[in-house]
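**Student:** Input upload.txt, format and content: compact mmCIF, C-alpha atoms (C1' of nucleotides).
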# COMPACT_ATOMS: atom_id res chain seq x y z
CA MET A 1 94.54 19.71 117.14
CA PRO A 2 91.14 19.29 115.60
CA THR A 3 88.38 17.76 117.65
CA ARG A 4 87.74 15.27 114.84
CA ASP A 5 90.13 13.40 112.64
CA ALA A 6 89.56 12.43 109.04
CA ALA A 7 88.26 8.98 109.92
CA GLN A 8 85.71 10.48 112.27
CA ARG A 9 84.50 12.90 109.65
CA ARG A 10 84.19 10.16 107.10
CA GLU A 11 82.16 8.10 109.51
CA ASP A 12 79.86 11.02 110.14
CA ALA A 13 79.40 11.51 106.43
CA ALA A 14 78.62 7.84 105.97
CA GLN A 15 76.02 7.96 108.71
CA ALA A 16 74.43 11.08 107.30
CA TYR A 17 74.37 9.35 103.96
CA ASP A 18 72.72 6.28 105.39
CA ALA A 19 70.05 8.43 106.98
CA TYR A 20 69.54 10.14 103.65
CA LEU A 21 69.21 6.78 101.92
CA ALA A 22 66.76 5.49 104.48
CA SER A 23 64.48 8.48 104.09
CA CYS A 24 64.74 8.88 100.33
CA PRO A 25 61.75 7.22 98.69
CA ALA A 26 63.24 7.27 95.23
CA ARG A 27 66.27 5.44 96.55
CA GLN A 28 64.05 2.78 98.08
CA LEU A 29 62.14 2.27 94.89
CA VAL A 30 65.29 2.00 92.86
CA ASP A 31 66.55 -0.59 95.31
CA ARG A 32 63.32 -2.45 94.77
CA ILE A 33 63.09 -2.48 90.99
CA SER A 34 66.82 -2.93 90.67
CA ASP A 35 66.49 -6.46 91.91
CA LYS A 36 67.53 -8.85 89.19
CA TRP A 37 64.16 -10.62 89.04
CA VAL A 38 61.60 -8.06 90.16
CA THR A 39 60.97 -6.50 86.76
CA LEU A 40 60.70 -9.88 85.13
CA VAL A 41 58.16 -11.09 87.66
CA ILE A 42 56.10 -7.91 87.36
CA SER A 43 56.23 -8.14 83.59
CA ALA A 44 55.07 -11.72 83.72
CA LEU A 45 52.23 -10.81 86.05
CA ALA A 46 51.19 -7.96 83.77
CA ASP A 47 49.24 -10.48 81.72
CA GLY A 48 47.16 -11.45 84.71
CA PRO A 49 47.33 -13.84 87.65
CA GLN A 50 49.82 -16.66 87.35
CA ARG A 51 50.55 -19.78 89.29
CA TYR A 52 53.92 -20.37 90.86
CA SER A 53 54.74 -23.05 88.33
CA ASP A 54 53.68 -20.80 85.45
CA LEU A 55 56.02 -18.10 86.64
CA SER A 56 58.93 -20.45 87.02
CA ARG A 57 58.34 -21.67 83.48
CA ARG A 58 57.93 -18.20 81.94
CA ILE A 59 60.95 -16.77 83.69
CA ALA A 60 63.30 -19.45 82.52
CA GLY A 61 66.55 -19.56 84.38
CA VAL A 62 65.25 -18.42 87.74
CA SER A 63 65.93 -20.76 90.62
CA GLN A 64 63.22 -21.74 93.06
CA LYS A 65 65.03 -19.87 95.75
CA MET A 66 65.17 -16.61 93.83
CA LEU A 67 61.61 -16.85 92.54
CA THR A 68 60.22 -17.46 96.00
CA GLN A 69 62.42 -14.76 97.49
CA THR A 70 61.35 -12.23 94.87
CA LEU A 71 57.67 -13.05 95.26
CA ARG A 72 57.93 -12.75 99.04
CA SER A 73 59.56 -9.35 98.86
CA LEU A 74 56.97 -8.12 96.37
CA GLU A 75 54.21 -9.44 98.57
CA ARG A 76 55.76 -7.73 101.57
CA ASP A 77 55.84 -4.45 99.65
CA GLY A 78 52.19 -4.79 98.77
CA LEU A 79 52.88 -5.00 95.05
CA VAL A 80 51.82 -8.59 94.60
CA SER A 81 49.16 -10.66 96.31
CA ARG A 82 49.37 -14.36 97.02
CA GLN A 83 46.36 -16.62 97.12
CA VAL A 84 46.51 -20.20 98.27
CA THR A 85 43.91 -22.74 97.19
CA PRO A 86 44.14 -25.63 99.66
CA SER A 87 43.48 -28.37 97.17
CA VAL A 88 45.59 -31.47 96.66
CA PRO A 89 48.06 -30.70 95.36
CA VAL A 90 48.02 -27.16 96.66
CA ARG A 91 47.65 -24.32 94.19
CA VAL A 92 49.09 -20.83 94.65
CA ASP A 93 48.26 -17.87 92.45
CA TYR A 94 50.10 -14.57 92.33
CA GLU A 95 48.62 -11.34 91.08
CA LEU A 96 49.56 -7.69 90.91
CA THR A 97 47.80 -5.57 93.52
CA PRO A 98 46.28 -2.17 92.61
CA LEU A 99 49.49 -0.66 93.91
CA GLY A 100 51.54 -3.02 91.81
CA LEU A 101 49.48 -2.05 88.79
CA THR A 102 50.42 1.61 89.23
CA LEU A 103 54.04 0.59 88.96
CA MET A 104 53.44 -1.02 85.59
CA PRO A 105 53.40 2.16 83.43
CA LEU A 106 56.75 3.08 84.94
CA ILE A 107 58.25 -0.17 83.80
CA LEU A 108 56.70 0.31 80.39
CA HIS A 109 58.33 3.73 80.16
CA ILE A 110 61.65 2.21 81.04
CA LYS A 111 61.13 -0.39 78.35
CA ALA A 112 60.22 2.30 75.83
CA TRP A 113 63.31 4.37 76.60
CA ALA A 114 65.46 1.30 76.41
CA GLU A 115 64.07 0.25 73.06
CA CYS A 116 64.66 3.75 71.69
CA HIS A 117 68.11 4.40 73.08
CA MET A 118 69.90 1.24 74.02
CA ASP A 119 71.37 0.92 70.56
CA LYS A 120 73.14 4.22 71.15
CA VAL A 121 74.41 2.95 74.45
CA ALA A 122 75.71 -0.16 72.74
CA THR A 123 77.44 1.97 70.13
CA ALA A 124 78.94 4.17 72.82
CA ARG A 125 80.29 1.12 74.57
CA GLN A 126 81.94 -0.16 71.43
CA THR A 127 83.48 3.23 70.73
CA TYR A 128 84.71 3.51 74.30
CA ASP A 129 86.17 0.04 74.33
CA ALA A 130 87.90 0.61 71.00
CA THR A 131 89.38 3.92 72.16
CA LYS A 132 90.55 2.58 75.49
CA MET B 1 65.07 -43.16 78.43
CA PRO B 2 64.81 -39.51 77.48
CA THR B 3 67.50 -37.98 75.36
CA ARG B 4 67.93 -35.25 77.97
CA ASP B 5 67.86 -35.43 81.70
CA ALA B 6 66.55 -32.76 84.04
CA ALA B 7 69.95 -31.18 84.54
CA GLN B 8 70.43 -30.86 80.81
CA ARG B 9 67.07 -29.25 80.35
CA ARG B 10 67.77 -26.79 83.15
CA GLU B 11 71.06 -25.87 81.57
CA ASP B 12 69.36 -25.28 78.25
CA ALA B 13 66.80 -23.07 79.92
CA ALA B 14 69.51 -21.12 81.67
CA GLN B 15 71.34 -20.55 78.41
CA ALA B 16 68.19 -19.50 76.64
CA TYR B 17 67.52 -17.16 79.52
CA ASP B 18 70.99 -15.68 79.31
CA ALA B 19 70.53 -15.07 75.63
CA TYR B 20 67.22 -13.41 76.38
CA LEU B 21 68.84 -11.24 78.99
CA ALA B 22 71.68 -10.27 76.72
CA SER B 23 69.34 -9.19 73.95
CA CYS B 24 66.70 -7.52 76.07
CA PRO B 25 67.28 -3.78 76.10
CA ALA B 26 64.98 -3.13 79.03
CA ARG B 27 66.92 -5.65 81.05
CA GLN B 28 70.16 -3.89 80.21
CA LEU B 29 68.82 -0.54 81.22
CA VAL B 30 67.51 -1.87 84.48
CA ASP B 31 70.91 -3.36 85.15
CA ARG B 32 72.37 0.06 84.51
CA ILE B 33 70.12 2.25 86.63
CA SER B 34 69.91 -0.38 89.30
CA ASP B 35 73.49 0.32 90.23
CA LYS B 36 73.64 1.68 93.73
CA TRP B 37 75.32 4.94 92.72
CA VAL B 38 74.19 5.57 89.15
CA THR B 39 70.96 7.35 89.99
CA LEU B 40 72.67 9.48 92.60
CA VAL B 41 75.39 10.54 90.18
CA ILE B 42 72.90 11.35 87.44
CA SER B 43 70.76 13.29 89.89
CA ALA B 44 73.78 15.25 91.02
CA LEU B 45 74.75 16.00 87.44
CA ALA B 46 71.21 17.14 86.66
CA ASP B 47 72.13 20.55 88.06
CA GLY B 48 74.92 20.93 85.54
CA PRO B 49 78.58 19.99 85.16
CA GLN B 50 80.39 19.02 88.32
CA ARG B 51 83.97 18.41 89.28
CA TYR B 52 85.05 15.08 90.66
CA SER B 53 85.57 16.60 94.10
CA ASP B 54 82.14 18.25 93.98
CA LEU B 55 80.52 14.92 93.24
CA SER B 56 82.34 13.12 96.01
CA ARG B 57 81.19 15.83 98.42
CA ARG B 58 77.57 15.89 97.26
CA ILE B 59 77.23 12.15 97.25
CA ALA B 60 78.43 11.72 100.80
CA GLY B 61 79.31 8.17 101.67
CA VAL B 62 80.56 7.13 98.27
CA SER B 63 84.09 5.78 98.21
CA GLN B 64 86.60 6.99 95.65
CA LYS B 65 86.60 3.58 94.12
CA MET B 66 82.84 3.44 93.63
CA LEU B 67 82.57 7.01 92.39
CA THR B 68 85.29 6.50 89.82
CA GLN B 69 83.88 3.15 88.80
CA THR B 70 80.39 4.57 88.40
CA LEU B 71 81.60 7.56 86.38
CA ARG B 72 83.64 5.29 84.12
CA SER B 73 80.69 3.02 83.40
CA LEU B 74 78.44 5.98 82.67
CA GLU B 75 81.09 7.44 80.39
CA ARG B 76 81.41 4.11 78.64
CA ASP B 77 77.65 4.03 78.08
CA GLY B 78 77.73 7.51 76.59
CA LEU B 79 75.57 8.96 79.34
CA VAL B 80 78.23 11.15 80.90
CA SER B 81 81.15 13.02 79.38
CA ARG B 82 84.48 13.62 81.05
CA GLN B 83 86.60 16.67 80.39
CA VAL B 84 90.11 17.05 81.71
CA THR B 85 91.70 20.48 82.14
CA PRO B 86 95.47 19.89 82.35
CA SER B 87 96.19 22.58 84.90
CA VAL B 88 98.14 22.10 88.11
CA PRO B 89 96.48 20.59 89.96
CA VAL B 90 94.49 18.85 87.28
CA ARG B 91 90.78 19.57 87.02
CA VAL B 92 88.18 17.11 85.75
CA ASP B 93 84.58 17.98 85.00
CA TYR B 94 81.74 15.56 84.41
CA GLU B 95 78.57 16.40 82.55
CA LEU B 96 75.49 14.62 81.26
CA THR B 97 75.57 13.99 77.53
CA PRO B 98 72.50 14.61 75.36
CA LEU B 99 71.79 10.91 75.69
CA GLY B 100 72.19 11.13 79.43
CA LEU B 101 69.77 14.04 79.48
CA THR B 102 67.09 11.94 77.83
CA LEU B 103 67.38 9.52 80.71
CA MET B 104 66.67 12.27 83.24
CA PRO B 105 62.86 12.47 82.81
CA LEU B 106 62.71 8.75 83.43
CA ILE B 107 64.45 9.13 86.74
CA LEU B 108 62.18 12.03 87.60
CA HIS B 109 59.17 9.83 86.89
CA ILE B 110 60.57 7.20 89.16
CA LYS B 111 61.06 9.81 91.84
CA ALA B 112 57.49 11.04 91.37
CA TRP B 113 56.03 7.56 91.67
CA ALA B 114 58.12 6.89 94.71
CA GLU B 115 57.07 10.08 96.42
CA CYS B 116 53.43 9.28 95.76
CA HIS B 117 53.41 5.62 96.67
CA MET B 118 56.31 4.67 98.86
CA ASP B 119 54.34 5.47 101.98
CA LYS B 120 51.92 2.73 100.97
CA VAL B 121 54.80 0.37 100.44
CA ALA B 122 56.12 1.23 103.89
CA THR B 123 52.69 0.57 105.37
CA ALA B 124 52.43 -2.71 103.50
CA ARG B 125 55.80 -3.75 104.89
CA GLN B 126 54.76 -3.01 108.44
CA THR B 127 51.51 -4.90 108.01
CA TYR B 128 53.30 -7.86 106.47
CA ASP B 129 55.96 -7.93 109.17
CA ALA B 130 53.33 -7.71 111.89
CA THR B 131 51.28 -10.50 110.35
CA LYS B 132 54.20 -12.78 109.84
C1' DC C 1 52.71 -28.36 93.53
C1' DA C 2 54.97 -25.07 96.04
C1' DG C 3 57.88 -24.45 98.62
C1' DT C 4 62.11 -24.71 102.72
C1' DA C 5 66.94 -25.57 104.19
C1' DT C 6 71.77 -25.79 103.48
C1' DC C 7 76.09 -25.26 101.50
C1' DC C 8 79.30 -22.99 98.67
C1' DA C 9 81.35 -20.14 94.79
C1' DT C 10 81.35 -15.62 93.15
C1' DC C 11 80.62 -11.02 92.82
C1' DT C 12 80.41 -6.65 94.94
C1' DT C 13 81.89 -3.30 98.15
C1' DG C 14 84.70 -0.71 101.08
C1' DA C 15 88.82 0.46 103.68
C1' DT C 16 93.47 1.57 103.09
C1' DA C 17 97.59 3.02 100.96
C1' DC C 18 99.98 5.07 97.24
C1' DT C 19 100.74 8.37 92.81
C1' DG C 20 101.25 11.78 88.61
C1' DC D 1 93.14 17.11 92.64
C1' DA D 2 91.85 13.00 90.75
C1' DG D 3 92.67 9.15 90.58
C1' DT D 4 94.92 3.65 90.84
C1' DA D 5 96.05 -0.75 93.33
C1' DT D 6 95.27 -4.18 96.62
C1' DC D 7 93.07 -6.95 99.91
C1' DA D 8 89.55 -8.54 103.13
C1' DA D 9 84.55 -9.07 104.21
C1' DG D 10 79.91 -9.24 103.41
C1' DA D 11 76.13 -9.81 100.30
C1' DT D 12 74.32 -12.51 96.52
C1' DG D 13 72.87 -16.17 93.94
C1' DG D 14 72.73 -20.97 92.41
C1' DA D 15 72.90 -26.15 92.99
C1' DT D 16 71.14 -29.64 95.63
C1' DA D 17 68.27 -32.19 98.67
C1' DC D 18 64.19 -32.62 101.32
C1' DT D 19 58.87 -31.79 102.70
C1' DG D 20 53.56 -30.98 103.66
Starting from the file, give its structure as structure tokens.
**Tutor:**
Amino acid sequence: MPTRDAAQRREDAAQAYDAYLASCPARQLVDRISDKWVTLVISALADGPQRYSDLSRRIAGVSQKMLTQTLRSLERDGLVSRQVTPSVPVRVDYELTPLGLTLMPLILHIKAWAECHMDKVATARQTYDATK
Amino acid sequence: MPTRDAAQRREDAAQAYDAYLASCPARQLVDRISDKWVTLVISALADGPQRYSDLSRRIAGVSQKMLTQTLRSLERDGLVSRQVTPSVPVRVDYELTPLGLTLMPLILHIKAWAECHMDKVATARQTYDATK
DNA sequence: CAGTATCCATCTTGATACTG
DNA sequence: CAGTATCAAGATGGATACTG
């Protein structure tokens, strides 16, 4: 009789994996930019500081909840800064931080790859779907 | 009375946004690499062809369902090829396609950025959480 | 203007069991 | 070995209503 059954081993593997995930910086970044709205917000802010209402207009289709949530998480990660002007009505501007700016080229590279190769991906999909 | 109420306008915006999403190649790519397992599978395959069982062992914590699902989607996108050897028991090897290989440098860049800057992100998170 | 709070549908994920 | 099928649970996101 083994000291560990299959379920136990699987649990161990899952825990080891979680630890790996938690310590893997690339994984964390991917989790970050993989958010549905993060890249859109960063792209929008690439043109300079924007007000909350500007962002919600530029990123059509985003709900207040998601926009706020995305901005909060980016602010928490130090990628975006938030500045409140206590006028009436209140005005809030968002801006990429220096750290956020270093992430920009990365997103541009992704865009460039996509623009070069996504047509091939689309073709591959059609071929695959037709074959299936 | 306006010809469109607020709900109507929001719906229009959402549809326009969907159309934008559907036609935006960068968006599609982000959707692709943002998958929880895609980057891990591609990283694993960076070292060369791997069998299904090898992959499931290297990417500890992935369920059969998710591994299969991820491999299928990558195959569909033309990023990974699947080769079946009809022996007994059957053997299946997965390998990056030329297209998949062009995606590699991108992922390496992401890794490089992460390794350089994620400590700052971690610090920013701690500061934010402490302030809050 | 710039949010917060709540509810609810849906999508995703994983555990489990079974198969050629 | 390399899957497929099914079901339950948690995460996700959007609609809606309200506020300093």
**Student:** Please, what distance in Å, to one decimal, runs between CA of Arg51 (chain A) and CA of His109 (chain A)?
**Tutor:**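 Spanning CA of Arg51 (chain A) to CA of His109 (chain A) is a straight-line distance of 26.4 Å.
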**Student:** Return as a tab-separated table the residues of chain A lying at most 9 Å from chain D, together with the closest atom-to-atom pair for each and the distance in Å to one decimal, counting all atoms listed in the file, with rows in chain order and ascending residue number.
**Tutor:**
residue	atom	partner	partner_atom	distance
A:Ser63	CA	D:DG14	C1'	7.0
A:Lys65	CA	D:DG14	C1'	8.5
A:Met66	CA	D:DG13	C1'	7.7
**Student:** For chain A, report every residue with an atom at most 7 Å from chain B (counting all atoms listed in the file), formatted as an mmCIF file with C-alpha atoms, in the frame of the given file.
**Tutor:**
data_model
loop_
_atom_site.group_PDB
_atom_site.id
_atom_site.type_symbol
_atom_site.label_atom_id
_atom_site.label_comp_id
_atom_site.auth_asym_id
_atom_site.auth_seq_id
_atom_site.Cartn_x
_atom_site.Cartn_y
_atom_site.Cartn_z
ATOM 1 C CA ALA A 13 79.400 11.510 106.430
ATOM 2 C CA ALA A 14 78.620 7.840 105.970
ATOM 3 C CA TYR A 17 74.370 9.350 103.960
ATOM 4 C CA PRO A 25 61.750 7.220 98.690
ATOM 5 C CA ALA A 26 63.240 7.270 95.230
ATOM 6 C CA LEU A 29 62.140 2.270 94.890
ATOM 7 C CA VAL A 30 65.290 2.000 92.860
ATOM 8 C CA ASP A 31 66.550 -0.590 95.310
ATOM 9 C CA SER A 34 66.820 -2.930 90.670
ATOM 10 C CA ALA A 60 63.300 -19.450 82.520
ATOM 11 C CA GLY A 61 66.550 -19.560 84.380
ATOM 12 C CA ARG A 76 55.760 -7.730 101.570
ATOM 13 C CA ASP A 77 55.840 -4.450 99.650
ATOM 14 C CA GLY A 78 52.190 -4.790 98.770
ATOM 15 C CA ILE A 110 61.650 2.210 81.040
ATOM 16 C CA LYS A 111 61.130 -0.390 78.350
ATOM 17 C CA ALA A 114 65.460 1.300 76.410
ATOM 18 C CA GLU A 115 64.070 0.250 73.060
ATOM 19 C CA MET A 118 69.900 1.240 74.020
ATOM 20 C CA VAL A 121 74.410 2.950 74.450
ATOM 21 C CA ALA A 124 78.940 4.170 72.820
ATOM 22 C CA ARG A 125 80.290 1.120 74.570
ATOM 23 C CA TYR A 128 84.710 3.510 74.300
#
**Student:** List as a list in words the protein and nucleic acid residues near Asp47 (chain B), meaning an atom at most 12 Å away when all atoms listed in the file are counted, but skip any in the same chain fewer than 2 places from it.
**Tutor:** Leu40, Val41, Ile42, Ser43, Ala44, Leu45, Pro49, Gln50, Asp54, Leu55, Arg58, Tyr94, Glu95, Leu96, Leu101 and Met104 of chain B
**Student:** At most 10 Å is the cut-off: for each residue in chain C with any atom that close to an atom of chain A, write down the nearest atom pair and the distance in Å rounded to one decimal, counting all atoms listed in the file, chain first then increasing number, as CSV.
**Tutor:**
residue,atom,partner,partner_atom,distance
C:DC1,C1',A:Pro89,CA,5.5
C:DA2,C1',A:Tyr52,CA,7.1
C:DG3,C1',A:Thr68,CA,7.8
C:DT4,C1',A:Lys65,CA,9.0
